[in-house]
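The structure file start-v9.pdb is reproduced below (PDB, C-alpha atoms and all ligand atoms).
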ATOM      1  CA  MET A   1      17.416   4.019 -20.770
ATOM      2  CA  SER A   2      15.351   3.819 -17.622
ATOM      3  CA  ARG A   3      16.571   1.524 -14.882
ATOM      4  CA  PHE A   4      13.052   0.047 -14.643
ATOM      5  CA  PRO A   5      10.935  -1.221 -17.507
ATOM      6  CA  PHE A   6       7.890  -0.038 -15.491
ATOM      7  CA  GLY A   7       6.689   3.050 -13.686
ATOM      8  CA  LEU A   8       6.057   3.951 -10.059
ATOM      9  CA  CYS A   9       2.606   4.859  -8.823
ATOM     10  CA  ASP A  10       2.570   5.653  -5.088
ATOM     11  CA  THR A  11      -0.575   6.412  -3.087
ATOM     12  CA  HIS A  12       0.695   8.621  -0.246
ATOM     13  CA  CYS A  13       3.361  11.192   0.572
ATOM     14  CA  ASP A  14       3.625  14.449   2.521
ATOM     15  CA  THR A  15       6.116  16.092   0.188
ATOM     16  CA  LEU A  16       3.855  19.027  -0.666
ATOM     17  CA  THR A  17       3.541  19.896   3.023
ATOM     18  CA  GLU A  18       7.348  19.784   3.329
ATOM     19  CA  MET A  19       7.748  21.901   0.192
ATOM     20  CA  CYS A  20       5.411  24.547   1.626
ATOM     21  CA  ALA A  21       7.286  24.611   4.928
ATOM     22  CA  ALA A  22      10.710  24.829   3.278
ATOM     23  CA  HIS A  23       9.599  27.202   0.484
ATOM     24  CA  ASP A  24      11.251  25.019  -2.115
ATOM     25  CA  GLY A  25       9.922  23.125  -5.113
ATOM     26  CA  PHE A  26       9.529  19.806  -6.892
ATOM     27  CA  TYR A  27      13.184  19.580  -7.953
ATOM     28  CA  ASN A  28      16.635  19.565  -6.381
ATOM     29  CA  THR A  29      15.559  19.429  -2.752
ATOM     30  CA  THR A  30      16.673  17.245   0.147
ATOM     31  CA  HIS A  31      13.151  15.880   0.681
ATOM     32  CA  HIS A  32      12.589  12.135   0.255
ATOM     33  CA  ILE A  33      10.828  12.936  -3.012
ATOM     34  CA  SER A  34      12.513  15.310  -5.427
ATOM     35  CA  LEU A  35      11.492  14.897  -9.037
ATOM     36  CA  ASP A  36      15.051  14.995 -10.358
ATOM     37  CA  ARG A  37      15.398  11.583  -8.661
ATOM     38  CA  VAL A  38      12.489   9.725 -10.299
ATOM     39  CA  ASP A  39      13.870   9.566 -13.831
ATOM     40  CA  ASP A  40      14.697   5.855 -13.450
ATOM     41  CA  PHE A  41      10.990   5.041 -13.693
ATOM     42  CA  ALA A  42       9.180   4.618 -16.997
ATOM     43  CA  PHE A  43       6.638   7.088 -15.530
ATOM     44  CA  TYR A  44       5.878   8.487 -12.113
ATOM     45  CA  THR A  45       2.504   9.153 -10.506
ATOM     46  CA  GLN A  46       2.215  10.314  -6.921
ATOM     47  CA  ILE A  47      -0.832  10.940  -4.765
ATOM     48  CA  MET A  48       0.240  14.030  -2.824
ATOM     49  CA  ALA A  49      -1.610  14.583   0.423
ATOM     50  CA  ILE A  50      -2.224  17.893   2.117
ATOM     51  CA  TYR A  51      -2.170  17.168   5.817
ATOM     52  CA  SER A  52      -4.591  18.649   8.365
ATOM     53  CA  ASP A  53      -2.197  19.232  11.245
ATOM     54  CA  ALA A  54      -3.812  17.924  14.438
ATOM     55  CA  GLY A  55      -2.131  20.695  16.461
ATOM     56  CA  ARG A  56      -3.762  23.473  14.446
ATOM     57  CA  THR A  57      -7.258  24.890  14.642
ATOM     58  CA  GLU A  58      -9.826  23.884  12.035
ATOM     59  CA  GLU A  59      -9.507  27.275  10.366
ATOM     60  CA  ALA A  60      -5.709  27.052  10.310
ATOM     61  CA  CYS A  61      -6.007  23.606   8.678
ATOM     62  CA  TRP A  62      -8.333  25.050   6.034
ATOM     63  CA  ARG A  63      -5.975  27.963   5.290
ATOM     64  CA  GLN A  64      -3.078  25.496   5.121
ATOM     65  CA  PHE A  65      -4.990  23.465   2.532
ATOM     66  CA  LEU A  66      -5.715  26.482   0.326
ATOM     67  CA  THR A  67      -2.124  27.694   0.645
ATOM     68  CA  ALA A  68      -0.752  24.239  -0.292
ATOM     69  CA  CYS A  69      -2.994  24.029  -3.385
ATOM     70  CA  ASP A  70      -1.802  27.459  -4.529
ATOM     71  CA  TYR A  71       1.791  26.557  -3.734
ATOM     72  CA  ALA A  72       1.672  23.381  -5.825
ATOM     73  CA  GLU A  73       0.374  25.409  -8.767
ATOM     74  CA  HIS A  74       3.079  28.011  -8.252
ATOM     75  CA  CYS A  75       5.845  25.372  -8.156
ATOM     76  CA  ARG A  76       4.483  23.656 -11.249
ATOM     77  CA  GLU A  77       4.360  26.873 -13.297
ATOM     78  CA  HIS A  78       7.929  26.516 -14.497
ATOM     79  CA  HIS A  79       7.706  22.752 -15.078
ATOM     80  CA  PRO A  80       5.321  21.919 -17.899
ATOM     81  CA  GLU A  81       6.551  18.306 -17.758
ATOM     82  CA  ILE A  82       4.731  17.827 -14.418
ATOM     83  CA  THR A  83       1.006  17.245 -14.827
ATOM     84  CA  ALA A  84      -1.491  17.830 -12.037
ATOM     85  CA  CYS A  85      -4.096  15.163 -12.777
ATOM     86  CA  SER A  86      -7.613  14.817 -11.481
ATOM     87  CA  THR A  87      -9.073  12.365 -14.011
ATOM     88  CA  ALA A  88      -8.180   8.918 -15.287
ATOM     89  CA  ALA A  89      -7.919  10.282 -18.846
ATOM     90  CA  GLU A  90      -5.268  12.794 -17.759
ATOM     91  CA  LEU A  91      -3.347  10.019 -16.045
ATOM     92  CA  GLU A  92      -3.543   7.770 -19.114
ATOM     93  CA  ALA A  93      -1.948  10.525 -21.197
ATOM     94  CA  VAL A  94       0.893  10.897 -18.696
ATOM     95  CA  TRP A  95       1.475   7.140 -18.569
ATOM     96  CA  ALA A  96       1.487   6.926 -22.358
ATOM     97  CA  ARG A  97       4.210   9.558 -22.694
ATOM     98  CA  GLY A  98       6.255   8.465 -19.678
ATOM     99  CA  GLY A  99       5.667  11.669 -17.735
ATOM    100  CA  LYS A 100       5.524  12.812 -14.133
ATOM    101  CA  SER A 101       2.205  13.511 -12.463
ATOM    102  CA  TYR A 102       0.522  14.009  -9.147
ATOM    103  CA  ILE A 103      -3.029  13.907  -7.838
ATOM    104  CA  LEU A 104      -4.010  15.864  -4.736
ATOM    105  CA  ALA A 105      -5.412  14.282  -1.596
ATOM    106  CA  VAL A 106      -6.470  15.561   1.810
ATOM    107  CA  GLU A 107      -5.221  13.752   4.922
ATOM    108  CA  GLY A 108      -7.544  14.303   7.875
ATOM    109  CA  GLY A 109     -11.015  15.857   7.830
ATOM    110  CA  LYS A 110     -10.416  18.445  10.541
ATOM    111  CA  LEU A 111     -10.238  21.209   7.909
ATOM    112  CA  LEU A 112     -13.916  20.700   7.037
ATOM    113  CA  ALA A 113     -14.929  22.288  10.356
ATOM    114  CA  GLY A 114     -18.358  20.714  10.064
ATOM    115  CA  ASP A 115     -19.084  22.491   6.759
ATOM    116  CA  LEU A 116     -20.050  20.199   3.849
ATOM    117  CA  ARG A 117     -19.641  23.040   1.320
ATOM    118  CA  ARG A 118     -15.889  22.875   1.876
ATOM    119  CA  LEU A 119     -15.904  19.448   0.204
ATOM    120  CA  ASP A 120     -17.120  21.026  -3.026
ATOM    121  CA  ILE A 121     -14.292  23.569  -2.908
ATOM    122  CA  ILE A 122     -11.822  20.757  -2.209
ATOM    123  CA  ARG A 123     -13.135  18.829  -5.214
ATOM    124  CA  GLN A 124     -12.922  21.951  -7.409
ATOM    125  CA  ARG A 125      -9.256  22.234  -6.410
ATOM    126  CA  GLY A 126      -8.683  18.823  -8.020
ATOM    127  CA  VAL A 127      -8.612  16.637  -4.895
ATOM    128  CA  ARG A 128      -9.773  13.064  -5.571
ATOM    129  CA  PHE A 129      -8.775  11.251  -2.337
ATOM    130  CA  PHE A 130      -9.643  11.987   1.273
ATOM    131  CA  THR A 131      -8.206  10.324   4.385
ATOM    132  CA  LEU A 132     -11.246  10.653   6.625
ATOM    133  CA  VAL A 133      -9.452  11.001   9.943
ATOM    134  CA  TRP A 134      -5.849  11.352  11.044
ATOM    135  CA  GLY A 135      -5.715  11.360  14.839
ATOM    136  CA  GLY A 136      -7.825  12.213  17.907
ATOM    137  CA  HIS A 137     -11.383  13.514  17.775
ATOM    138  CA  THR A 138     -12.423  15.885  14.979
ATOM    139  CA  CYS A 139     -15.697  16.904  13.356
ATOM    140  CA  MET A 140     -15.403  13.662  11.337
ATOM    141  CA  GLY A 141     -15.224  11.386  14.379
ATOM    142  CA  GLY A 142     -12.499   9.533  16.316
ATOM    143  CA  ALA A 143      -9.377   8.178  14.613
ATOM    144  CA  HIS A 144      -7.414   4.944  15.188
ATOM    145  CA  ASP A 145      -5.728   6.280  18.322
ATOM    146  CA  VAL A 146      -8.981   7.091  20.145
ATOM    147  CA  GLY A 147     -11.208   4.400  18.648
ATOM    148  CA  GLY A 148     -14.248   6.506  17.853
ATOM    149  CA  THR A 149     -16.930   6.263  15.182
ATOM    150  CA  LEU A 150     -17.837   8.581  12.319
ATOM    151  CA  SER A 151     -19.919  11.456  13.693
ATOM    152  CA  PRO A 152     -23.265  12.288  12.023
ATOM    153  CA  PHE A 153     -21.330  15.007  10.163
ATOM    154  CA  GLY A 154     -18.631  12.464   9.246
ATOM    155  CA  ILE A 155     -21.263  10.188   7.722
ATOM    156  CA  ALA A 156     -22.794  13.090   5.750
ATOM    157  CA  ALA A 157     -19.298  14.128   4.575
ATOM    158  CA  LEU A 158     -18.501  10.588   3.438
ATOM    159  CA  ARG A 159     -21.758  10.394   1.485
ATOM    160  CA  ARG A 160     -21.057  13.778  -0.114
ATOM    161  CA  MET A 161     -17.541  12.622  -1.110
ATOM    162  CA  LEU A 162     -19.002   9.628  -2.919
ATOM    163  CA  GLU A 163     -21.496  11.873  -4.717
ATOM    164  CA  ILE A 164     -18.904  14.334  -6.010
ATOM    165  CA  GLY A 165     -16.148  11.874  -6.909
ATOM    166  CA  ILE A 166     -13.797  11.931  -3.943
ATOM    167  CA  VAL A 167     -12.502   8.475  -2.984
ATOM    168  CA  PRO A 168     -12.437   7.778   0.781
ATOM    169  CA  ASP A 169      -9.224   6.559   2.379
ATOM    170  CA  VAL A 170      -9.379   4.497   5.599
ATOM    171  CA  SER A 171      -5.723   4.815   6.612
ATOM    172  CA  HIS A 172      -5.709   6.215  10.206
ATOM    173  CA  ALA A 173      -9.344   5.071  10.691
ATOM    174  CA  SER A 174     -10.559   3.364  13.847
ATOM    175  CA  ASP A 175     -12.020  -0.121  13.419
ATOM    176  CA  ALA A 176     -15.528   1.321  13.748
ATOM    177  CA  ILE A 177     -14.879   3.980  11.077
ATOM    178  CA  PHE A 178     -13.435   1.297   8.815
ATOM    179  CA  ASP A 179     -16.659  -0.713   9.152
ATOM    180  CA  GLN A 180     -18.906   2.339   8.635
ATOM    181  CA  THR A 181     -16.936   3.360   5.529
ATOM    182  CA  ALA A 182     -17.030  -0.166   4.097
ATOM    183  CA  ALA A 183     -20.820  -0.357   4.612
ATOM    184  CA  ILE A 184     -21.557   3.085   3.137
ATOM    185  CA  CYS A 185     -19.265   2.470   0.124
ATOM    186  CA  ALA A 186     -20.849  -0.962  -0.474
ATOM    187  CA  GLU A 187     -24.310   0.609  -0.398
ATOM    188  CA  ALA A 188     -23.177   3.257  -2.916
ATOM    189  CA  GLU A 189     -21.215   0.663  -4.961
ATOM    190  CA  LYS A 190     -18.064   2.785  -4.744
ATOM    191  CA  PRO A 191     -14.517   1.655  -3.956
ATOM    192  CA  PHE A 192     -12.476   2.845  -0.997
ATOM    193  CA  PHE A 193      -8.823   2.282  -0.191
ATOM    194  CA  ALA A 194      -6.076   2.506   2.430
ATOM    195  CA  SER A 195      -3.403   4.782   0.982
ATOM    196  CA  HIS A 196      -0.703   3.903   3.524
ATOM    197  CA  SER A 197      -1.430   0.986   5.878
ATOM    198  CA  ASN A 198       0.606  -2.093   6.744
ATOM    199  CA  SER A 199      -0.445  -5.515   7.989
ATOM    200  CA  ALA A 200      -1.389  -6.014  11.641
ATOM    201  CA  SER A 201      -0.512  -9.705  11.241
ATOM    202  CA  ILE A 202       3.133  -8.698  10.740
ATOM    203  CA  HIS A 203       3.110  -5.853  13.259
ATOM    204  CA  ARG A 204       0.250  -5.240  15.675
ATOM    205  CA  HIS A 205      -0.518  -1.508  15.699
ATOM    206  CA  THR A 206      -3.757   0.486  15.528
ATOM    207  CA  ARG A 207      -2.491   1.993  12.236
ATOM    208  CA  CYS A 208      -2.241  -1.425  10.605
ATOM    209  CA  LEU A 209      -4.989  -3.473   8.921
ATOM    210  CA  SER A 210      -6.292  -6.807  10.152
ATOM    211  CA  ASP A 211      -6.538  -9.624   7.621
ATOM    212  CA  ALA A 212     -10.330  -9.187   7.648
ATOM    213  CA  GLN A 213      -9.966  -5.468   6.843
ATOM    214  CA  PHE A 214      -7.530  -6.150   4.005
ATOM    215  CA  THR A 215      -9.942  -8.760   2.628
ATOM    216  CA  GLU A 216     -12.804  -6.258   2.838
ATOM    217  CA  ILE A 217     -10.789  -3.701   0.825
ATOM    218  CA  MET A 218     -10.121  -6.340  -1.847
ATOM    219  CA  ARG A 219     -13.833  -7.149  -1.935
ATOM    220  CA  ALA A 220     -14.586  -3.444  -2.455
ATOM    221  CA  ASN A 221     -12.196  -3.347  -5.422
ATOM    222  CA  GLY A 222      -9.844  -1.160  -3.428
ATOM    223  CA  ILE A 223      -6.120  -1.100  -2.896
ATOM    224  CA  VAL A 224      -3.664  -0.851  -0.008
ATOM    225  CA  GLY A 225      -0.396   1.109  -0.129
ATOM    226  CA  ILE A 226       2.554  -0.139   1.945
ATOM    227  CA  SER A 227       3.888   2.559   4.285
ATOM    228  CA  PHE A 228       7.595   2.934   5.042
ATOM    229  CA  CYS A 229       6.969   4.334   8.527
ATOM    230  CA  THR A 230       9.192   2.198  10.771
ATOM    231  CA  LEU A 231       6.665   2.526  13.603
ATOM    232  CA  HIS A 232       4.111   0.692  11.472
ATOM    233  CA  LEU A 233       6.557  -1.775   9.927
ATOM    234  CA  GLY A 234       7.621  -2.988  13.367
ATOM    235  CA  ALA A 235      10.985  -4.075  14.804
ATOM    236  CA  PRO A 236      13.357  -1.556  16.434
ATOM    237  CA  ALA A 237      13.857   1.606  14.382
ATOM    238  CA  ASN A 238      17.529   0.923  13.754
ATOM    239  CA  ALA A 239      16.787  -2.547  12.362
ATOM    240  CA  VAL A 240      13.873  -1.864  10.016
ATOM    241  CA  THR A 241      14.943  -2.719   6.505
ATOM    242  CA  VAL A 242      13.415  -2.819   3.047
ATOM    243  CA  ALA A 243      13.021  -6.585   3.587
ATOM    244  CA  ARG A 244      10.736  -5.895   6.562
ATOM    245  CA  ALA A 245       8.454  -3.807   4.319
ATOM    246  CA  VAL A 246       8.412  -6.641   1.787
ATOM    247  CA  ASP A 247       7.313  -8.978   4.631
ATOM    248  CA  HIS A 248       4.144  -6.866   4.924
ATOM    249  CA  ILE A 249       3.622  -7.042   1.153
ATOM    250  CA  GLU A 250       4.178 -10.786   1.231
ATOM    251  CA  HIS A 251       1.547 -11.264   3.911
ATOM    252  CA  TYR A 252      -0.993  -9.325   1.844
ATOM    253  CA  LEU A 253      -0.040 -11.482  -1.147
ATOM    254  CA  SER A 254      -0.712 -14.596   0.954
ATOM    255  CA  LEU A 255      -4.286 -13.309   1.426
ATOM    256  CA  GLY A 256      -4.782 -13.176  -2.341
ATOM    257  CA  GLY A 257      -3.748  -9.537  -2.693
ATOM    258  CA  ALA A 258      -1.567  -9.732  -5.829
ATOM    259  CA  ARG A 259      -3.852  -7.197  -7.537
ATOM    260  CA  HIS A 260      -4.548  -5.061  -4.464
ATOM    261  CA  VAL A 261      -1.164  -3.997  -3.061
ATOM    262  CA  CYS A 262       0.993  -1.033  -4.057
ATOM    263  CA  PHE A 263       3.310   1.462  -2.389
ATOM    264  CA  GLY A 264       2.021   4.311  -0.227
ATOM    265  CA  GLY A 265       5.391   5.098   1.244
ATOM    266  CA  ASP A 266       4.447   8.141   3.364
ATOM    267  CA  LEU A 267       7.725   9.649   2.224
ATOM    268  CA  ASP A 268       8.382  13.096   3.699
ATOM    269  CA  GLY A 269       5.790  12.314   6.375
ATOM    270  CA  ILE A 270       7.962  10.099   8.536
ATOM    271  CA  GLY A 271      11.163  12.041   9.173
ATOM    272  CA  ASP A 272      14.250   9.885   8.886
ATOM    273  CA  ASP A 273      12.362   6.766   9.967
ATOM    274  CA  ILE A 274      12.479   4.916   6.669
ATOM    275  CA  PRO A 275      13.691   1.373   6.041
ATOM    276  CA  LEU A 276      17.447   0.958   5.831
ATOM    277  CA  PRO A 277      19.341   1.628   3.681
ATOM    278  CA  MET A 278      16.826   3.896   1.906
ATOM    279  CA  ARG A 279      17.327   7.644   1.891
ATOM    280  CA  GLY A 280      14.625   8.626  -0.547
ATOM    281  CA  ILE A 281      12.617   7.847  -3.672
ATOM    282  CA  GLU A 282      15.776   7.116  -5.666
ATOM    283  CA  HIS A 283      16.258   3.960  -3.593
ATOM    284  CA  MET A 284      13.013   2.254  -4.609
ATOM    285  CA  TYR A 285      15.130  -0.080  -6.713
ATOM    286  CA  LEU A 286      16.047  -1.794  -3.406
ATOM    287  CA  PHE A 287      12.478  -3.129  -3.319
ATOM    288  CA  TYR A 288      12.906  -4.450  -6.829
ATOM    289  CA  GLU A 289      16.089  -6.243  -5.757
ATOM    290  CA  GLU A 290      14.502  -7.698  -2.602
ATOM    291  CA  MET A 291      11.443  -8.899  -4.500
ATOM    292  CA  ALA A 292      13.558 -10.429  -7.277
ATOM    293  CA  ARG A 293      15.697 -12.124  -4.613
ATOM    294  CA  ARG A 294      12.505 -13.711  -3.216
ATOM    295  CA  GLY A 295      11.600 -14.999  -6.658
ATOM    296  CA  TYR A 296       8.763 -12.592  -7.509
ATOM    297  CA  SER A 297       8.155 -12.481 -11.245
ATOM    298  CA  ASP A 298       8.772  -9.240 -13.142
ATOM    299  CA  ALA A 299       5.031  -9.154 -13.892
ATOM    300  CA  LEU A 300       4.178  -9.236 -10.179
ATOM    301  CA  ILE A 301       6.842  -6.638  -9.312
ATOM    302  CA  SER A 302       5.512  -4.401 -12.054
ATOM    303  CA  ASP A 303       1.981  -4.742 -10.645
ATOM    304  CA  LEU A 304       3.222  -3.815  -7.170
ATOM    305  CA  PHE A 305       5.211  -0.807  -8.410
ATOM    306  CA  CYS A 306       2.517   0.582 -10.696
ATOM    307  CA  GLY A 307       0.030  -1.780 -12.354
ATOM    308  CA  ASN A 308      -2.250  -2.314  -9.356
ATOM    309  CA  ALA A 309      -2.440   1.378  -8.500
ATOM    310  CA  GLN A 310      -3.037   2.259 -12.164
ATOM    311  CA  ALA A 311      -5.906  -0.228 -12.351
ATOM    312  CA  PHE A 312      -7.368   1.210  -9.143
ATOM    313  CA  LEU A 313      -7.092   4.792 -10.426
ATOM    314  CA  ARG A 314      -8.785   3.773 -13.682
ATOM    315  CA  ARG A 315     -11.765   2.267 -11.878
ATOM    316  CA  ALA A 316     -12.003   4.755  -9.012
ATOM    317  CA  LEU A 317     -11.653   8.099 -10.829
TER
HETATM  318 ZN    ZN B 401      -0.623   9.321   7.493
END
Could you take the file, read its structure, and then write that structure out as structure tokens?
Ligand SMILES: [Zn+2]
Amino acid sequence: MSRFPFGLCDTHCDTLTEMCAAHDGFYNTTHHISLDRVDDFAFYTQIMAIYSDAGRTEEACWRQFLTACDYAEHCREHHPEITACSTAAELEAVWARGGKSYILAVEGGKLLAGDLRRLDIIRQRGVRFFTLVWGGHTCMGGAHDVGGTLSPFGIAALRRMLEIGIVPDVSHASDAIFDQTAAICAEAEKPFFASHSNSASIHRHTRCLSDAQFTEIMRANGIVGISFCTLHLGAPANAVTVARAVDHIEHYLSLGGARHVCFGGDLDGIGDDIPLPMRGIEHMYLFYEEMARRGYSDALISDLFCGNAQAFLRRAL
């Protein structure tokens, strides 16, 4: 029997990038996420991002994306139990049979190189989520660390995403890009989300969301994934615990976020900087224990582990 009566649905990881670099696969690796270690969950759905490395050229980022897509397919060939999903109907089938699934995302728009046609190729490859910016200045505009706005190309790219069914992600966005995205999505009546962003009220950092931003995401029918990056959880690295991550969740809950918070752990994107005593995905039960200790109901814990993200995927895809 599964350890949990519910599944896990997480909105951000960099495992595919790590798999490509290490030339290994979905199973039996030392990465934070290895699919032999998710069997405790009633089902498992992971948004897997392909990262546009800020240190690479635009063309190198684009080649990296295409290589990662091919590599995921190659690794999945021998594992029919893993489903690459790009629609809500495909996800429903996986959830119904208690399977393992992933959906592709792009993290950082540098790979577009100012070419809107690349978005159509990205969509054809099954990508449904797009973190608009990651860091610094790119063709999309300036990220959280430089405080820029969406460029004219960035605005056109965002509009094209909404047209072709790619959901924008404001994690890593500057405040100005957050506002532009919220306005353009409201005008188009489409949701947006923050796949891995913690609360600035618990830890002030440009990567974290203000209460007003979290409220705006709720209003847009979006969702926010809690990141395990110790830098964004706050407190010295050697003292960041699972409880600290739950503090961020609890603050979002205090803003009325019971239906709008999930996990976006950023596993395999944050080195060894994850909350103690976690080592990887197999230790997610520590969150269950911490939440139960704080008196959260099983229904609320289930929503945080999977129900909220499932509801978001149903309405966004
Ligand atoms: Zn990130």
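For the pair CA of Gly264 in chain A and CA of Ala311 in chain A, the interatomic distance is 15.2 Å.
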**OP:** Pick out the closest residue to ligand ZN 401 (chain B) from this set: A:Ser201, A:Ser34, A:Ser227, A:Ser86. Count only C-alpha atoms and all ligand atoms.
**Re:**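 Among the listed residues, the smallest separation from ligand ZN 401 (chain B) belongs to A:Ser227.
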Subject >> Reference answer for the PyMOL selection byres (((chain A and resi 67) around 12) and not hetatm), as an MDAnalysis selection string >> reply: chainID A and resid 16:17 19:21 23 50:51 60:66 68:74 125
Original post:
Once you count all atoms listed in the file, which residues end up within 7 Å of ligand ZN 401 (chain B), and could you hand them over as a VMD selection string?
Top reply: chain A and resid 107 134 171 to 172 196 266
Could you please take those selected residues and save C-alpha atoms as a compact mmCIF listing (two decimals), in the coordinates of the input?
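Contents of again.txt, freshly written:
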# COMPACT_ATOMS: atom_id res chain seq x y z
CA GLU A 107 -5.22 13.75 4.92
CA TRP A 134 -5.85 11.35 11.04
CA SER A 171 -5.72 4.82 6.61
CA HIS A 172 -5.71 6.22 10.21
CA HIS A 196 -0.70 3.90 3.52
CA ASP A 266 4.45 8.14 3.36
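When the PyMOL selection byres (((chain A and resi 269) around 8) and not hetatm) is run on the displayed coordinates, the residues it returns are Cys13, Asp14, Thr15, Asp266, Leu267, Asp268, Ile270 and Gly271 of chain A.
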Original post:
Which residue out of A:Pro5, A:Pro168, A:Gly234, A:Gly99 has the minimum interatomic distance to Arg207 in chain A when all atoms listed in the file are used?
Top reply: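 Of all the options, A:Gly234 lies closest to Arg207 in chain A.
If you look at CA of Phe6 in chain A and CA of Ala42 in chain A, they are 5.1 Å away from each other.
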**OP:** Tell me, as a list of chain:residue names, which residues lie within 12 Å of Arg76 in chain A, counting all atoms listed in the file; anything in the same chain fewer than 5 positions away does not count.
**Re:**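 Skipping anything fewer than 5 positions along the chain leaves A:Leu16, A:Asp24, A:Gly25, A:Phe26, A:Tyr27, A:Leu35, A:Cys69, A:Asp70, A:Tyr71, A:Glu81, A:Ile82, A:Thr83, A:Ala84, A:Lys100, A:Ser101, A:Tyr102.
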